[in-house]
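Read the structure below first, then the notes.
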Amino acid sequence: MKREDRRDVTRRDMLGVFTAAVGAAFMGCGSSPTSPSTSSGTSTSTGGTTSGACAATPSETAGPYPDRTGMINGATYYRQDVTEGKLGLPLTLALTVVNVNNACSPIANATVEIWHCDAAGNYSEYGNSTGQTFLRGLQRSDADGKVTFNTVYPGWYAGRATHIHLEVFVNGASVKTTQMAFPDDITTGVYATDVYASRGNNPTRTSADGIFADGTTNELATMSGSTSSGYTAMLQLGVAV
């Protein structure tokens with residue numbers, strides 16, 4: 001089992017920062033790369049698992065774009081809809097927080113924070129988006145350990161596979177920082193549509209992403225939906241408390 005990183009500076013942290021820095025230097029967060037691929041728009045269900053084996057979710061770097069405004073202390077940011085008008089394919093995040101030290105029983109009243117880039121590859125709070133808080137937010141888990149966010153399918157930036165950052169707090173303490181990965185075939189279909197099409201497909205596949213170099217067994221979202229109606233991404237977050 002991996003150690004909790006609690007945002008310590010590790011080799012993986014440095015790799016994440018280095019990757020983002022190199023990508024920004026050569027392409028910029030909103031630059032355009034390859035041609036889009038085609039999408040059928042048919043309904044799909046694929047990815048990881050939200051039940052079954054009781055396993056701790058791997059810890060990952062918080063990356064170069066964590067929250068800088070102290071959202072965890074602001075009631076305004078405890079919200080289900082984090083879009084703030086950002087365009088993109090609708091995405092529902094259905095997350096379940098469980099305790100791996102207690103047979104993966106659900107953890108009620110855990111705080112889950114999410115953040116990800118928009119269709120152009122930009123994060124709020126940074127660069128030209130300083131002072132904005134789009135695609136960031138927090139929710140407290142219910143009695144079944146569940147939280148739900150309404151957002152849009154994340155875009156991409158150079159050097160990283162498509163992903164969403166997640167952090168779990170229990171009793172005010174951070175107990176897990178991780179990232180959600182997405183099935184490459186679904187991502188390819190999404191990036192051929194609407195606001196994503198002008199940038200094309202993400203050239204970095206999940207298997208080539210250094211952050212996910214050790215696999216995505218417990219980080220890959222289970223997907224349902226379509227490119228016409230939007231998707232739901234489900235993931236179990238196993239933490240040790």
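Identifiers in the structure tokens: chain A, B, ... in order shown; residue index from 1 per chain; ligand index from 1 in order shown.
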If we count only C-alpha atoms and set the cut-off at 7 Å, which residues sit around range 218-221 of chain A, ignoring sequence neighbours fewer than 3 positions away in its own chain? Please answer as a PDB file with N, CA and C atoms, in the first residue's frame.
```pdb
ATOM      1  N   GLY A  47     -14.663   1.319 -17.586  1.00  0.00           N
ATOM      2  CA  GLY A  47     -13.732   1.939 -16.656  1.00  0.00           C
ATOM      3  C   GLY A  47     -13.435   1.085 -15.453  1.00  0.00           C
ATOM      4  N   GLY A  48     -13.253   1.747 -14.298  1.00  0.00           N
ATOM      5  CA  GLY A  48     -12.844   1.066 -13.079  1.00  0.00           C
ATOM      6  C   GLY A  48     -14.009   0.472 -12.334  1.00  0.00           C
ATOM      7  N   THR A  57      -7.220   3.861  -2.217  1.00  0.00           N
ATOM      8  CA  THR A  57      -6.947   4.600  -3.443  1.00  0.00           C
ATOM      9  C   THR A  57      -5.514   5.121  -3.382  1.00  0.00           C
ATOM     10  N   GLN A 179      -5.973  11.411  -7.846  1.00  0.00           N
ATOM     11  CA  GLN A 179      -6.468  11.890  -9.131  1.00  0.00           C
ATOM     12  C   GLN A 179      -7.334  10.819  -9.782  1.00  0.00           C
ATOM     13  N   MET A 180      -8.371  11.259 -10.461  1.00  0.00           N
ATOM     14  CA  MET A 180      -9.248  10.361 -11.208  1.00  0.00           C
ATOM     15  C   MET A 180      -8.801  10.328 -12.666  1.00  0.00           C
ATOM     16  N   ALA A 181      -8.627   9.117 -13.190  1.00  0.00           N
ATOM     17  CA  ALA A 181      -8.286   8.934 -14.604  1.00  0.00           C
ATOM     18  C   ALA A 181      -9.549   8.582 -15.387  1.00  0.00           C
ATOM     19  N   PHE A 182      -9.484   8.762 -16.700  1.00  0.00           N
ATOM     20  CA  PHE A 182     -10.622   8.495 -17.577  1.00  0.00           C
ATOM     21  C   PHE A 182     -10.231   7.517 -18.677  1.00  0.00           C
ATOM     22  N   ALA A 233     -19.353   9.774 -14.062  1.00  0.00           N
ATOM     23  CA  ALA A 233     -18.094   9.124 -13.704  1.00  0.00           C
ATOM     24  C   ALA A 233     -18.158   8.718 -12.244  1.00  0.00           C
ATOM     25  N   MET A 234     -18.012   7.419 -11.979  1.00  0.00           N
ATOM     26  CA  MET A 234     -18.127   6.900 -10.611  1.00  0.00           C
ATOM     27  C   MET A 234     -16.769   6.398 -10.125  1.00  0.00           C
ATOM     28  N   LEU A 235     -16.489   6.649  -8.864  1.00  0.00           N
ATOM     29  CA  LEU A 235     -15.223   6.185  -8.282  1.00  0.00           C
ATOM     30  C   LEU A 235     -15.383   6.018  -6.786  1.00  0.00           C
TER      31      LEU A 235
END
```
Run DSSP on the backbone of this structure and report the residues of range 45-238 of chain A it assigns to strand (DSSP E or B), as a PDB file with N, CA and C atoms, in the first residue's frame.
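Full text of out13.pdb as output:
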```pdb
ATOM      1  N   SER A  45     -20.575   2.291 -21.094  1.00  0.00           N
ATOM      2  CA  SER A  45     -20.285   2.063 -19.683  1.00  0.00           C
ATOM      3  C   SER A  45     -19.001   1.277 -19.594  1.00  0.00           C
ATOM      4  N   THR A  46     -17.960   1.910 -19.024  1.00  0.00           N
ATOM      5  CA  THR A  46     -16.655   1.265 -18.976  1.00  0.00           C
ATOM      6  C   THR A  46     -15.823   1.898 -17.888  1.00  0.00           C
ATOM      7  N   GLY A  47     -14.663   1.319 -17.586  1.00  0.00           N
ATOM      8  CA  GLY A  47     -13.732   1.939 -16.656  1.00  0.00           C
ATOM      9  C   GLY A  47     -13.435   1.085 -15.453  1.00  0.00           C
ATOM     10  N   TYR A  78     -18.977  25.079  -0.909  1.00  0.00           N
ATOM     11  CA  TYR A  78     -19.583  23.767  -0.687  1.00  0.00           C
ATOM     12  C   TYR A  78     -20.810  23.706  -1.583  1.00  0.00           C
ATOM     13  N   ASP A  81     -22.861  22.091  -8.022  1.00  0.00           N
ATOM     14  CA  ASP A  81     -22.551  22.559  -9.371  1.00  0.00           C
ATOM     15  C   ASP A  81     -21.331  23.474  -9.308  1.00  0.00           C
ATOM     16  N   PRO A  90     -21.656  17.821 -20.236  1.00  0.00           N
ATOM     17  CA  PRO A  90     -22.011  17.627 -18.828  1.00  0.00           C
ATOM     18  C   PRO A  90     -21.394  16.345 -18.262  1.00  0.00           C
ATOM     19  N   LEU A  91     -20.860  16.469 -17.052  1.00  0.00           N
ATOM     20  CA  LEU A  91     -20.257  15.338 -16.359  1.00  0.00           C
ATOM     21  C   LEU A  91     -20.723  15.355 -14.916  1.00  0.00           C
ATOM     22  N   THR A  92     -21.300  14.241 -14.470  1.00  0.00           N
ATOM     23  CA  THR A  92     -21.667  14.064 -13.067  1.00  0.00           C
ATOM     24  C   THR A  92     -20.610  13.198 -12.406  1.00  0.00           C
ATOM     25  N   LEU A  93     -20.044  13.677 -11.311  1.00  0.00           N
ATOM     26  CA  LEU A  93     -19.094  12.884 -10.531  1.00  0.00           C
ATOM     27  C   LEU A  93     -19.836  12.270  -9.361  1.00  0.00           C
ATOM     28  N   ALA A  94     -19.853  10.950  -9.308  1.00  0.00           N
ATOM     29  CA  ALA A  94     -20.498  10.223  -8.218  1.00  0.00           C
ATOM     30  C   ALA A  94     -19.421   9.487  -7.439  1.00  0.00           C
ATOM     31  N   LEU A  95     -19.044  10.033  -6.297  1.00  0.00           N
ATOM     32  CA  LEU A  95     -17.916   9.530  -5.517  1.00  0.00           C
ATOM     33  C   LEU A  95     -18.398   8.948  -4.195  1.00  0.00           C
ATOM     34  N   THR A  96     -17.736   7.877  -3.762  1.00  0.00           N
ATOM     35  CA  THR A  96     -18.074   7.250  -2.493  1.00  0.00           C
ATOM     36  C   THR A  96     -16.817   7.124  -1.650  1.00  0.00           C
ATOM     37  N   VAL A  97     -16.847   7.667  -0.445  1.00  0.00           N
ATOM     38  CA  VAL A  97     -15.699   7.634   0.464  1.00  0.00           C
ATOM     39  C   VAL A  97     -15.887   6.482   1.439  1.00  0.00           C
ATOM     40  N   VAL A  98     -14.875   5.595   1.516  1.00  0.00           N
ATOM     41  CA  VAL A  98     -14.964   4.432   2.399  1.00  0.00           C
ATOM     42  C   VAL A  98     -13.689   4.296   3.221  1.00  0.00           C
ATOM     43  N   ASN A  99     -13.817   3.610   4.341  1.00  0.00           N
ATOM     44  CA  ASN A  99     -12.697   3.403   5.265  1.00  0.00           C
ATOM     45  C   ASN A  99     -12.107   2.013   5.062  1.00  0.00           C
ATOM     46  N   SER A 105     -16.301   0.363   4.993  1.00  0.00           N
ATOM     47  CA  SER A 105     -17.568   0.954   5.413  1.00  0.00           C
ATOM     48  C   SER A 105     -17.600   2.422   4.990  1.00  0.00           C
ATOM     49  N   PRO A 106     -18.782   2.951   4.655  1.00  0.00           N
ATOM     50  CA  PRO A 106     -18.861   4.343   4.206  1.00  0.00           C
ATOM     51  C   PRO A 106     -18.488   5.322   5.311  1.00  0.00           C
ATOM     52  N   THR A 111     -15.220  15.488   3.873  1.00  0.00           N
ATOM     53  CA  THR A 111     -15.230  16.579   2.893  1.00  0.00           C
ATOM     54  C   THR A 111     -14.402  16.163   1.681  1.00  0.00           C
ATOM     55  N   VAL A 112     -15.002  16.263   0.505  1.00  0.00           N
ATOM     56  CA  VAL A 112     -14.312  15.930  -0.739  1.00  0.00           C
ATOM     57  C   VAL A 112     -14.165  17.199  -1.559  1.00  0.00           C
ATOM     58  N   GLU A 113     -12.945  17.509  -1.934  1.00  0.00           N
ATOM     59  CA  GLU A 113     -12.657  18.669  -2.779  1.00  0.00           C
ATOM     60  C   GLU A 113     -12.232  18.183  -4.158  1.00  0.00           C
ATOM     61  N   ILE A 114     -12.736  18.833  -5.201  1.00  0.00           N
ATOM     62  CA  ILE A 114     -12.336  18.500  -6.563  1.00  0.00           C
ATOM     63  C   ILE A 114     -11.823  19.751  -7.268  1.00  0.00           C
ATOM     64  N   TRP A 115     -10.947  19.556  -8.248  1.00  0.00           N
ATOM     65  CA  TRP A 115     -10.537  20.651  -9.129  1.00  0.00           C
ATOM     66  C   TRP A 115     -10.010  20.070 -10.430  1.00  0.00           C
ATOM     67  N   ARG A 136     -14.041  24.078  -9.436  1.00  0.00           N
ATOM     68  CA  ARG A 136     -13.527  23.746  -8.109  1.00  0.00           C
ATOM     69  C   ARG A 136     -14.695  23.746  -7.132  1.00  0.00           C
ATOM     70  N   GLY A 137     -14.620  22.889  -6.145  1.00  0.00           N
ATOM     71  CA  GLY A 137     -15.659  22.905  -5.137  1.00  0.00           C
ATOM     72  C   GLY A 137     -15.522  21.762  -4.156  1.00  0.00           C
ATOM     73  N   LEU A 138     -16.381  21.796  -3.126  1.00  0.00           N
ATOM     74  CA  LEU A 138     -16.350  20.782  -2.086  1.00  0.00           C
ATOM     75  C   LEU A 138     -17.770  20.303  -1.789  1.00  0.00           C
ATOM     76  N   GLN A 139     -17.855  19.078  -1.291  1.00  0.00           N
ATOM     77  CA  GLN A 139     -19.112  18.502  -0.816  1.00  0.00           C
ATOM     78  C   GLN A 139     -18.800  17.644   0.409  1.00  0.00           C
ATOM     79  N   ARG A 140     -19.792  17.547   1.321  1.00  0.00           N
ATOM     80  CA  ARG A 140     -19.664  16.643   2.458  1.00  0.00           C
ATOM     81  C   ARG A 140     -20.440  15.363   2.165  1.00  0.00           C
ATOM     82  N   LYS A 146     -21.418   9.150   0.194  1.00  0.00           N
ATOM     83  CA  LYS A 146     -21.508   9.600  -1.197  1.00  0.00           C
ATOM     84  C   LYS A 146     -21.530  11.110  -1.325  1.00  0.00           C
ATOM     85  N   VAL A 147     -20.871  11.598  -2.383  1.00  0.00           N
ATOM     86  CA  VAL A 147     -20.958  12.998  -2.797  1.00  0.00           C
ATOM     87  C   VAL A 147     -21.182  13.029  -4.300  1.00  0.00           C
ATOM     88  N   THR A 148     -21.830  14.085  -4.770  1.00  0.00           N
ATOM     89  CA  THR A 148     -22.093  14.237  -6.200  1.00  0.00           C
ATOM     90  C   THR A 148     -21.748  15.649  -6.630  1.00  0.00           C
ATOM     91  N   PHE A 149     -21.046  15.766  -7.727  1.00  0.00           N
ATOM     92  CA  PHE A 149     -20.729  17.068  -8.307  1.00  0.00           C
ATOM     93  C   PHE A 149     -21.254  17.118  -9.735  1.00  0.00           C
ATOM     94  N   ASN A 150     -21.741  18.277 -10.135  1.00  0.00           N
ATOM     95  CA  ASN A 150     -22.099  18.532 -11.521  1.00  0.00           C
ATOM     96  C   ASN A 150     -21.033  19.437 -12.115  1.00  0.00           C
ATOM     97  N   THR A 151     -20.375  18.959 -13.166  1.00  0.00           N
ATOM     98  CA  THR A 151     -19.302  19.713 -13.784  1.00  0.00           C
ATOM     99  C   THR A 151     -19.325  19.465 -15.295  1.00  0.00           C
ATOM    100  N   VAL A 152     -18.229  19.711 -15.967  1.00  0.00           N
ATOM    101  CA  VAL A 152     -18.091  19.390 -17.388  1.00  0.00           C
ATOM    102  C   VAL A 152     -16.880  18.476 -17.549  1.00  0.00           C
ATOM    103  N   HIS A 163      -7.624  14.182 -16.497  1.00  0.00           N
ATOM    104  CA  HIS A 163      -7.758  13.788 -15.099  1.00  0.00           C
ATOM    105  C   HIS A 163      -8.526  14.829 -14.303  1.00  0.00           C
ATOM    106  N   ILE A 164      -8.963  14.426 -13.109  1.00  0.00           N
ATOM    107  CA  ILE A 164      -9.550  15.330 -12.130  1.00  0.00           C
ATOM    108  C   ILE A 164      -8.840  15.096 -10.801  1.00  0.00           C
ATOM    109  N   HIS A 165      -8.508  16.182 -10.114  1.00  0.00           N
ATOM    110  CA  HIS A 165      -7.875  16.098  -8.804  1.00  0.00           C
ATOM    111  C   HIS A 165      -8.931  15.951  -7.718  1.00  0.00           C
ATOM    112  N   LEU A 166      -8.601  15.143  -6.710  1.00  0.00           N
ATOM    113  CA  LEU A 166      -9.506  14.891  -5.588  1.00  0.00           C
ATOM    114  C   LEU A 166      -8.723  14.927  -4.290  1.00  0.00           C
ATOM    115  N   GLU A 167      -9.330  15.516  -3.267  1.00  0.00           N
ATOM    116  CA  GLU A 167      -8.735  15.459  -1.932  1.00  0.00           C
ATOM    117  C   GLU A 167      -9.840  15.186  -0.918  1.00  0.00           C
ATOM    118  N   VAL A 168      -9.557  14.303   0.033  1.00  0.00           N
ATOM    119  CA  VAL A 168     -10.532  13.914   1.042  1.00  0.00           C
ATOM    120  C   VAL A 168     -10.039  14.373   2.412  1.00  0.00           C
ATOM    121  N   PHE A 169     -10.946  15.001   3.170  1.00  0.00           N
ATOM    122  CA  PHE A 169     -10.660  15.453   4.524  1.00  0.00           C
ATOM    123  C   PHE A 169     -11.615  14.748   5.483  1.00  0.00           C
ATOM    124  N   VAL A 170     -11.097  14.260   6.598  1.00  0.00           N
ATOM    125  CA  VAL A 170     -11.916  13.656   7.647  1.00  0.00           C
ATOM    126  C   VAL A 170     -11.596  14.382   8.952  1.00  0.00           C
ATOM    127  N   ALA A 173      -8.886  17.042   8.693  1.00  0.00           N
ATOM    128  CA  ALA A 173      -7.518  16.675   8.302  1.00  0.00           C
ATOM    129  C   ALA A 173      -7.517  16.003   6.933  1.00  0.00           C
ATOM    130  N   SER A 174      -6.546  16.347   6.103  1.00  0.00           N
ATOM    131  CA  SER A 174      -6.420  15.712   4.794  1.00  0.00           C
ATOM    132  C   SER A 174      -5.942  14.273   4.972  1.00  0.00           C
ATOM    133  N   VAL A 175      -6.718  13.332   4.423  1.00  0.00           N
ATOM    134  CA  VAL A 175      -6.357  11.920   4.543  1.00  0.00           C
ATOM    135  C   VAL A 175      -6.056  11.282   3.195  1.00  0.00           C
ATOM    136  N   LYS A 176      -6.334  11.976   2.108  1.00  0.00           N
ATOM    137  CA  LYS A 176      -6.040  11.420   0.783  1.00  0.00           C
ATOM    138  C   LYS A 176      -6.031  12.528  -0.258  1.00  0.00           C
ATOM    139  N   THR A 177      -4.953  12.577  -1.035  1.00  0.00           N
ATOM    140  CA  THR A 177      -4.887  13.415  -2.223  1.00  0.00           C
ATOM    141  C   THR A 177      -4.632  12.479  -3.396  1.00  0.00           C
ATOM    142  N   THR A 178      -5.488  12.530  -4.397  1.00  0.00           N
ATOM    143  CA  THR A 178      -5.376  11.582  -5.496  1.00  0.00           C
ATOM    144  C   THR A 178      -5.883  12.207  -6.783  1.00  0.00           C
ATOM    145  N   GLN A 179      -5.973  11.411  -7.846  1.00  0.00           N
ATOM    146  CA  GLN A 179      -6.468  11.890  -9.131  1.00  0.00           C
ATOM    147  C   GLN A 179      -7.334  10.819  -9.782  1.00  0.00           C
ATOM    148  N   MET A 180      -8.371  11.259 -10.461  1.00  0.00           N
ATOM    149  CA  MET A 180      -9.248  10.361 -11.208  1.00  0.00           C
ATOM    150  C   MET A 180      -8.801  10.328 -12.666  1.00  0.00           C
ATOM    151  N   ALA A 181      -8.627   9.117 -13.190  1.00  0.00           N
ATOM    152  CA  ALA A 181      -8.286   8.934 -14.604  1.00  0.00           C
ATOM    153  C   ALA A 181      -9.549   8.582 -15.387  1.00  0.00           C
ATOM    154  N   LEU A 220      -9.317   4.678 -12.008  1.00  0.00           N
ATOM    155  CA  LEU A 220     -10.004   4.818 -13.282  1.00  0.00           C
ATOM    156  C   LEU A 220     -11.516   4.868 -13.064  1.00  0.00           C
ATOM    157  N   THR A 222     -15.465   4.641 -13.520  1.00  0.00           N
ATOM    158  CA  THR A 222     -16.464   3.842 -14.214  1.00  0.00           C
ATOM    159  C   THR A 222     -17.428   4.817 -14.875  1.00  0.00           C
ATOM    160  N   MET A 223     -17.586   4.690 -16.181  1.00  0.00           N
ATOM    161  CA  MET A 223     -18.329   5.672 -16.954  1.00  0.00           C
ATOM    162  C   MET A 223     -19.650   5.120 -17.467  1.00  0.00           C
ATOM    163  N   SER A 224     -20.660   5.968 -17.473  1.00  0.00           N
ATOM    164  CA  SER A 224     -21.916   5.653 -18.156  1.00  0.00           C
ATOM    165  C   SER A 224     -22.417   6.918 -18.823  1.00  0.00           C
ATOM    166  N   GLY A 225     -23.092   6.771 -19.958  1.00  0.00           N
ATOM    167  CA  GLY A 225     -23.609   7.922 -20.676  1.00  0.00           C
ATOM    168  C   GLY A 225     -23.162   7.940 -22.114  1.00  0.00           C
ATOM    169  N   SER A 226     -23.143   9.114 -22.713  1.00  0.00           N
ATOM    170  CA  SER A 226     -22.801   9.238 -24.124  1.00  0.00           C
ATOM    171  C   SER A 226     -22.335  10.653 -24.428  1.00  0.00           C
ATOM    172  N   GLY A 230     -24.129  13.385 -22.211  1.00  0.00           N
ATOM    173  CA  GLY A 230     -23.216  13.616 -21.103  1.00  0.00           C
ATOM    174  C   GLY A 230     -22.894  12.316 -20.382  1.00  0.00           C
ATOM    175  N   TYR A 231     -21.963  12.390 -19.445  1.00  0.00           N
ATOM    176  CA  TYR A 231     -21.494  11.187 -18.763  1.00  0.00           C
ATOM    177  C   TYR A 231     -21.630  11.311 -17.250  1.00  0.00           C
ATOM    178  N   THR A 232     -21.677  10.141 -16.606  1.00  0.00           N
ATOM    179  CA  THR A 232     -21.503  10.030 -15.171  1.00  0.00           C
ATOM    180  C   THR A 232     -20.222   9.253 -14.923  1.00  0.00           C
ATOM    181  N   ALA A 233     -19.353   9.774 -14.062  1.00  0.00           N
ATOM    182  CA  ALA A 233     -18.094   9.124 -13.704  1.00  0.00           C
ATOM    183  C   ALA A 233     -18.158   8.718 -12.244  1.00  0.00           C
ATOM    184  N   MET A 234     -18.012   7.419 -11.979  1.00  0.00           N
ATOM    185  CA  MET A 234     -18.127   6.900 -10.611  1.00  0.00           C
ATOM    186  C   MET A 234     -16.769   6.398 -10.125  1.00  0.00           C
ATOM    187  N   LEU A 235     -16.489   6.649  -8.864  1.00  0.00           N
ATOM    188  CA  LEU A 235     -15.223   6.185  -8.282  1.00  0.00           C
ATOM    189  C   LEU A 235     -15.383   6.018  -6.786  1.00  0.00           C
ATOM    190  N   GLN A 236     -14.829   4.931  -6.269  1.00  0.00           N
ATOM    191  CA  GLN A 236     -14.746   4.711  -4.825  1.00  0.00           C
ATOM    192  C   GLN A 236     -13.416   5.234  -4.323  1.00  0.00           C
ATOM    193  N   LEU A 237     -13.449   6.036  -3.265  1.00  0.00           N
ATOM    194  CA  LEU A 237     -12.248   6.605  -2.680  1.00  0.00           C
ATOM    195  C   LEU A 237     -11.972   5.894  -1.367  1.00  0.00           C
ATOM    196  N   GLY A 238     -11.001   4.994  -1.392  1.00  0.00           N
ATOM    197  CA  GLY A 238     -10.647   4.237  -0.201  1.00  0.00           C
ATOM    198  C   GLY A 238      -9.589   4.944   0.601  1.00  0.00           C
TER     199      GLY A 238
END
```
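Residue neighbourhood of Asn122 in chain A, excluding near-sequence residues (fewer than 4 positions): Gly28, Cys29, Gly30, Tyr65, His116, Cys117, Asp118, Tyr126, Gly127, Asn128, Ser129, Phe134, Pro154, Gly155, Trp156 and Tyr157 of chain A, at 10 Å, using only C-alpha atoms.
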Per-residue DSSP, range 151-240 of chain A, filtered to alpha helix (DSSP H), as JSON, numbers by chain: {"A": [184, 185, 186, 187, 188, 189, 190]}
Deliver the residues from the most recent selection as a file, using N, CA and C atoms, as a CSV table (one decimal), in the first residue's frame.
```csv
chain,number,residue,atom,x,y,z
A,184,ASP,N,-9.4,6.2,-22.1
A,184,ASP,CA,-9.0,6.9,-23.3
A,184,ASP,C,-10.0,6.9,-24.4
A,185,ASP,N,-10.7,5.8,-24.6
A,185,ASP,CA,-11.6,5.8,-25.7
A,185,ASP,C,-12.8,6.8,-25.6
A,186,ILE,N,-13.2,6.9,-24.3
A,186,ILE,CA,-14.3,7.9,-24.1
A,186,ILE,C,-13.8,9.3,-24.2
A,187,THR,N,-12.6,9.5,-23.7
A,187,THR,CA,-12.0,10.9,-23.9
A,187,THR,C,-11.8,11.3,-25.3
A,188,THR,N,-11.4,10.3,-26.1
A,188,THR,CA,-11.2,10.6,-27.6
A,188,THR,C,-12.6,11.0,-28.2
A,189,GLY,N,-13.6,10.3,-27.8
A,189,GLY,CA,-15.0,10.6,-28.4
A,189,GLY,C,-15.4,12.0,-27.9
A,190,VAL,N,-15.2,12.3,-26.7
A,190,VAL,CA,-15.6,13.6,-26.1
A,190,VAL,C,-14.9,14.8,-26.8
```
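The gap separating CA of Lys86 in chain A from CA of Ala192 in chain A is 17.8 Å, in Å to one decimal.
Considering the residues A:Ala119, A:Ser228, A:Ala103, A:Thr76 and counting only C-alpha atoms, Ala56 in chain A has its shortest atom-to-atom contact with A:Ala103.
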